[in-house]
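Structure first, commentary second.
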Amino acid sequence: MKLSQRVWGSVGAALLGAVVLAACGSSTEGAGGLPTLAPTITALPPVTPTDVPEPDPIALPPVDWDDVEPFRAAMRPAFAGDVDAFVNRNRYYIEASLAFEDGVAVIRGAQRVRYTNRSADTLDQVVFRLYPNLPALGGRMVVYQATVNENPVEPGLTERETVLILPLDEPLAPGESVEMALQFSVAAERGMNASYGAFGFQDDVFSGPEWYPVLSVYEEGKGWWMERASPNGDAVYSETGLYETFLTVPEDFVVAMSGTEIDTFPAGDGAKTVHYVSGPMRDSLLVASPVFGRLTDYVDDIAVNVYYWPGGESAAERVLKIGTDAMRIFNEKFGPYPFAEMDIAETFNFTGIEYPGIIIIADRYWETGNANLEVTVAHEVAHQWWYSLVGNDQVGQPWLDESLTSYSEYVYARNVYDDKRAKDMQDGDRDWYNFYRGQGAPDLVLDLPVNSYVDNNYGVIIYVKGPLFYAELETLLGRDRFLEAVQLYFERHRYEVVQSVDVLNAFEDATGEDLDALFYRWVGDFPGLDPAVVEQAQQQAEQVQ
Ligand SMILES: [Zn+2]
């Protein structure tokens, strides 16, 4: 997700304007303050989501979980072999339909999911997350039938129906797999007013992050992740898996989803079914609309698609240029993007939000010359490396993806423009941070959960102090060694979930430097940090007091 004025709260509009201009604008962009916003459709007040009448169950065919051939189509040819390691990871087979009915976008779906216990613990339950039920998403998801190994089970619901617990009759030993089937419906009432405007249905556009029940994460020694996400920040924490989806929509719908469309066929009654497969991805976004136009360009063999609304053509060309530049630069500097496709869609969201293989950009930025457009697109593209490929708990450790992604904006600016542009951005961030501190706001460490930051602390610490930490590392190590460390971090952890110590280890292993003290100063204490460093720092702090 990209930071916005709203997240910044009271930081100050004048300063925001200055920083945004330093970040991405030429002198002609948004001169004199905030960029002019495009006229937007008046937001409708939110309504209480209602249940969709229970549909007839969808008869799902058996799935041959050993066959991963179809998923290679979602990969660049050189990375087609990556899917082999995911035979026994999270596997989803989904059949669903999407229709717009009387002001409500409705999904009726069913999925077979195979989960393999990769922990050393024996499990007696499997947990899914029903993200649309989060107040921050403002939708409604109901699971009305569930089976485990073909036997009906009664799921438990908790955390305001955002956690669905399937009890296992037979304990799941380490290395064993279980197959589950869920029948579900999702409703998005008109309007996208909840939180960041990620989920909803407005003016013939449906935006559905995590539009199906998503496997949660089992953490050894801690149990299943069941935390209800804070309204701030991103809500999802999930592990990588393979998705095969058959989605039926009206014939005139243009669909954009995580992964690659490999087939479309008529489904009768003016409908069609699109067949999608994914590479190893940790969740899925579905965006669909009959009004979308589409532009495509390529970076090597990666297709970059831009989906835009009527009237958005010229900005779409600009977005395509920014998106392909960002893909090319991050591919070269961080490591190769392995998927065949990356989509960028215009939606009603508040700034920009990242999902595997697809990002959404706010319509209010969608105009050529908008000062926020470039930096937001570059930011969300960088999330393909930091979040989608190298994953983390976005609720518990938001710095892991957001701070490195925000730093990546400097890398984009340096390579599209010059060093001065990147330095101006850093200076702008430094000014911003000093302004924040000057207000008496606390100098918090980076590695804290989203909900431990109050007011605008979250935005400033994670999105401003965070990239400045990486800039400090870069100054200390030199640009080449810094990038070697980033590349090692990416190569080691792509498709996986990282902790703070993984960042430290990658930088120390790549450079041979001892960086524990520097990490402690900026990131804080975390498992894996040298305890002697922590002890010494605490003693010094006590002496000062
Ligand atoms: Zn972000």
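As shown in the structure tokens, the chain order sets the letters A, B, ...; within each chain, residues go from 1, and ligands are also counted from 1 in the order they appear.
Around ligand 1, the neighbouring residues within 7 Å, taking only C-alpha atoms and all ligand atoms, come to Met1, Lys2, Leu3, Ile353, Glu354, His379, Glu380, His383, Glu402, Thr405 and Ser406 of chain A.
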Would you save the residues from that selection as a PDB file, in the first residue's frame, using C-alpha atoms?
```
ATOM      1  CA  MET A   1       0.000   0.000   0.000  1.00  0.00           C
ATOM      2  CA  LYS A   2       1.105   3.509  -0.636  1.00  0.00           C
ATOM      3  CA  LEU A   3       0.961   6.217   1.943  1.00  0.00           C
ATOM      4  CA  ILE A 353      -2.462  -1.375  -3.129  1.00  0.00           C
ATOM      5  CA  GLU A 354      -0.359  -4.389  -3.982  1.00  0.00           C
ATOM      6  CA  HIS A 379       5.856   1.804  -5.136  1.00  0.00           C
ATOM      7  CA  GLU A 380       3.231  -0.832  -5.880  1.00  0.00           C
ATOM      8  CA  HIS A 383       5.820  -4.632  -3.756  1.00  0.00           C
ATOM      9  CA  GLU A 402       6.726  -1.358   3.319  1.00  0.00           C
ATOM     10  CA  THR A 405       9.326  -0.903  -0.926  1.00  0.00           C
ATOM     11  CA  SER A 406       9.473   2.777  -0.003  1.00  0.00           C
TER      12      SER A 406
END
```
Which of range 138-260 of chain A fall in strand (DSSP E), as a PyMOL selection string
chain A and resi 140-148+151-152+156-158+163-172+177-189+200-202+205-209+214-215+218-219+223-224+241-250+254-257+260
Going by DSSP on the backbone, which residues of range 453-491 of chain A come out as alpha helix (DSSP H)? List them as a list of chain:residue names.
A:Asn457, A:Tyr458, A:Gly459, A:Val460, A:Gly466, A:Pro467, A:Leu468, A:Phe469, A:Tyr470, A:Ala471, A:Glu472, A:Leu473, A:Glu474, A:Thr475, A:Leu476, A:Leu477, A:Arg479, A:Asp480, A:Arg481, A:Phe482, A:Leu483, A:Glu484, A:Ala485, A:Val486, A:Gln487, A:Leu488, A:Tyr489, A:Phe490, A:Glu491
Please save C-alpha atoms of the selected residues as a PDB file, in the first residue's frame.
```pdb
ATOM      1  CA  ASN A 457       3.294   7.380  13.705  1.00  0.00           C
ATOM      2  CA  TYR A 458       2.618   4.347  11.556  1.00  0.00           C
ATOM      3  CA  GLY A 459       2.969   6.211   8.302  1.00  0.00           C
ATOM      4  CA  VAL A 460       6.026   8.202   9.332  1.00  0.00           C
ATOM      5  CA  GLY A 466      12.083   2.903   7.075  1.00  0.00           C
ATOM      6  CA  PRO A 467      13.486   3.939   3.683  1.00  0.00           C
ATOM      7  CA  LEU A 468      15.933   6.262   5.465  1.00  0.00           C
ATOM      8  CA  PHE A 469      17.255   3.211   7.324  1.00  0.00           C
ATOM      9  CA  TYR A 470      17.967   1.496   4.019  1.00  0.00           C
ATOM     10  CA  ALA A 471      19.526   4.704   2.709  1.00  0.00           C
ATOM     11  CA  GLU A 472      21.801   4.713   5.759  1.00  0.00           C
ATOM     12  CA  LEU A 473      22.814   1.115   5.038  1.00  0.00           C
ATOM     13  CA  GLU A 474      23.491   2.025   1.432  1.00  0.00           C
ATOM     14  CA  THR A 475      25.717   4.933   2.474  1.00  0.00           C
ATOM     15  CA  LEU A 476      27.597   2.697   4.886  1.00  0.00           C
ATOM     16  CA  LEU A 477      28.099  -0.219   2.507  1.00  0.00           C
ATOM     17  CA  ARG A 479      25.663   1.111  -3.541  1.00  0.00           C
ATOM     18  CA  ASP A 480      27.034  -2.074  -5.134  1.00  0.00           C
ATOM     19  CA  ARG A 481      27.462  -4.015  -1.903  1.00  0.00           C
ATOM     20  CA  PHE A 482      24.091  -2.797  -0.727  1.00  0.00           C
ATOM     21  CA  LEU A 483      22.399  -4.124  -3.849  1.00  0.00           C
ATOM     22  CA  GLU A 484      24.277  -7.421  -3.590  1.00  0.00           C
ATOM     23  CA  ALA A 485      22.768  -7.836  -0.137  1.00  0.00           C
ATOM     24  CA  VAL A 486      19.295  -7.002  -1.406  1.00  0.00           C
ATOM     25  CA  GLN A 487      19.747  -9.541  -4.199  1.00  0.00           C
ATOM     26  CA  LEU A 488      20.857 -12.209  -1.742  1.00  0.00           C
ATOM     27  CA  TYR A 489      17.819 -11.446   0.435  1.00  0.00           C
ATOM     28  CA  PHE A 490      15.510 -11.784  -2.568  1.00  0.00           C
ATOM     29  CA  GLU A 491      17.101 -14.960  -3.868  1.00  0.00           C
TER      30      GLU A 491
END
```
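Taking only C-alpha atoms into account, Glu367 in chain A lies nearest to A:Tyr308 out of the set A:Tyr410, A:Phe339, A:Tyr355, A:Tyr308.
CA of Asp252 in chain A is positioned 5.3 Å from CA of Pro290 in chain A.
Distances to Phe334 in chain A were evaluated for A:Ile361, A:Leu295, A:Val534, A:Leu404 using only C-alpha atoms, and the minimum falls at A:Leu404.
In this model, the gap between CA of Thr260 in chain A and CA of Ala105 in chain A comes to 22.8 Å.
Atom pair CA of Ser403 in chain A / CA of Glu210 in chain A has a distance of 23.3 Å (rounded to one decimal).
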Which residues are close to Pro209 in chain A, i.e. within 12 Å by only C-alpha atoms, leaving aside same-chain residues fewer than 3 positions away? Reply as a PyMOL selection string.
chain A and resi 130-134+136-139+186+188+196-201+206+212-214+234-236+256-258+282-288+347+349+353-356+358-360
Glu227 in chain A surroundings by only C-alpha atoms, 9 Å radius, close-in-sequence under 3 positions cut, as a PDB file with N, CA and C atoms, in the first residue's frame:
```pdb
ATOM      1  N   GLU A 159     -13.463 -13.782  15.684  1.00  0.00           N
ATOM      2  CA  GLU A 159     -12.903 -12.502  15.232  1.00  0.00           C
ATOM      3  C   GLU A 159     -13.810 -11.851  14.184  1.00  0.00           C
ATOM      4  N   VAL A 163     -12.309 -15.202  10.900  1.00  0.00           N
ATOM      5  CA  VAL A 163     -11.538 -16.429  11.106  1.00  0.00           C
ATOM      6  C   VAL A 163     -12.488 -17.613  11.027  1.00  0.00           C
ATOM      7  N   SER A 230      -5.568  -4.615  12.137  1.00  0.00           N
ATOM      8  CA  SER A 230      -5.869  -3.231  12.487  1.00  0.00           C
ATOM      9  C   SER A 230      -6.461  -2.537  11.258  1.00  0.00           C
ATOM     10  N   VAL A 395       0.619  -7.468   9.180  1.00  0.00           N
ATOM     11  CA  VAL A 395      -0.034  -6.883  10.353  1.00  0.00           C
ATOM     12  C   VAL A 395       0.959  -6.786  11.514  1.00  0.00           C
TER      13      VAL A 395
END
```
Write out as a ChimeraX atom specification the residues lying within 12 Å of Gly311 in chain A, counting only C-alpha atoms and excluding same-chain residues fewer than 5 positions away.
/A:38,291-293,316-317,346,363,366-368
Shell around Val411 in chain A at 9 Å using only C-alpha atoms, local window under 3 positions removed, as a ChimeraX atom specification:
/A:329-330,333,407-408,414-416,422
As a list in words, please: the residues near Leu518 in chain A (cut-off 10 Å, only C-alpha atoms, same-chain neighbours under 2 positions excluded).
Phe469, Glu472, Leu473, Leu504, Asp514, Leu515, Asp516, Tyr520, Arg521, Trp522, Val523, Gly524 and Val533 of chain A
Selection above as a file: C-alpha atoms, as a compact mmCIF listing (two decimals), in the first residue's frame:
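The result, written out as part_24.txt:
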```txt
# COMPACT_ATOMS: atom_id res chain seq x y z
CA PHE A 469 17.26 3.21 7.32
CA GLU A 472 21.80 4.71 5.76
CA LEU A 473 22.81 1.12 5.04
CA LEU A 504 20.10 -8.73 8.97
CA ASP A 514 28.70 -6.81 11.65
CA LEU A 515 25.47 -4.84 11.47
CA ASP A 516 23.70 -5.90 14.67
CA TYR A 520 19.20 -2.53 16.85
CA ARG A 521 19.30 1.26 16.67
CA TRP A 522 16.81 1.50 13.79
CA VAL A 523 14.81 -1.72 13.75
CA GLY A 524 14.75 -2.49 17.48
CA VAL A 533 24.66 -5.82 21.32
```
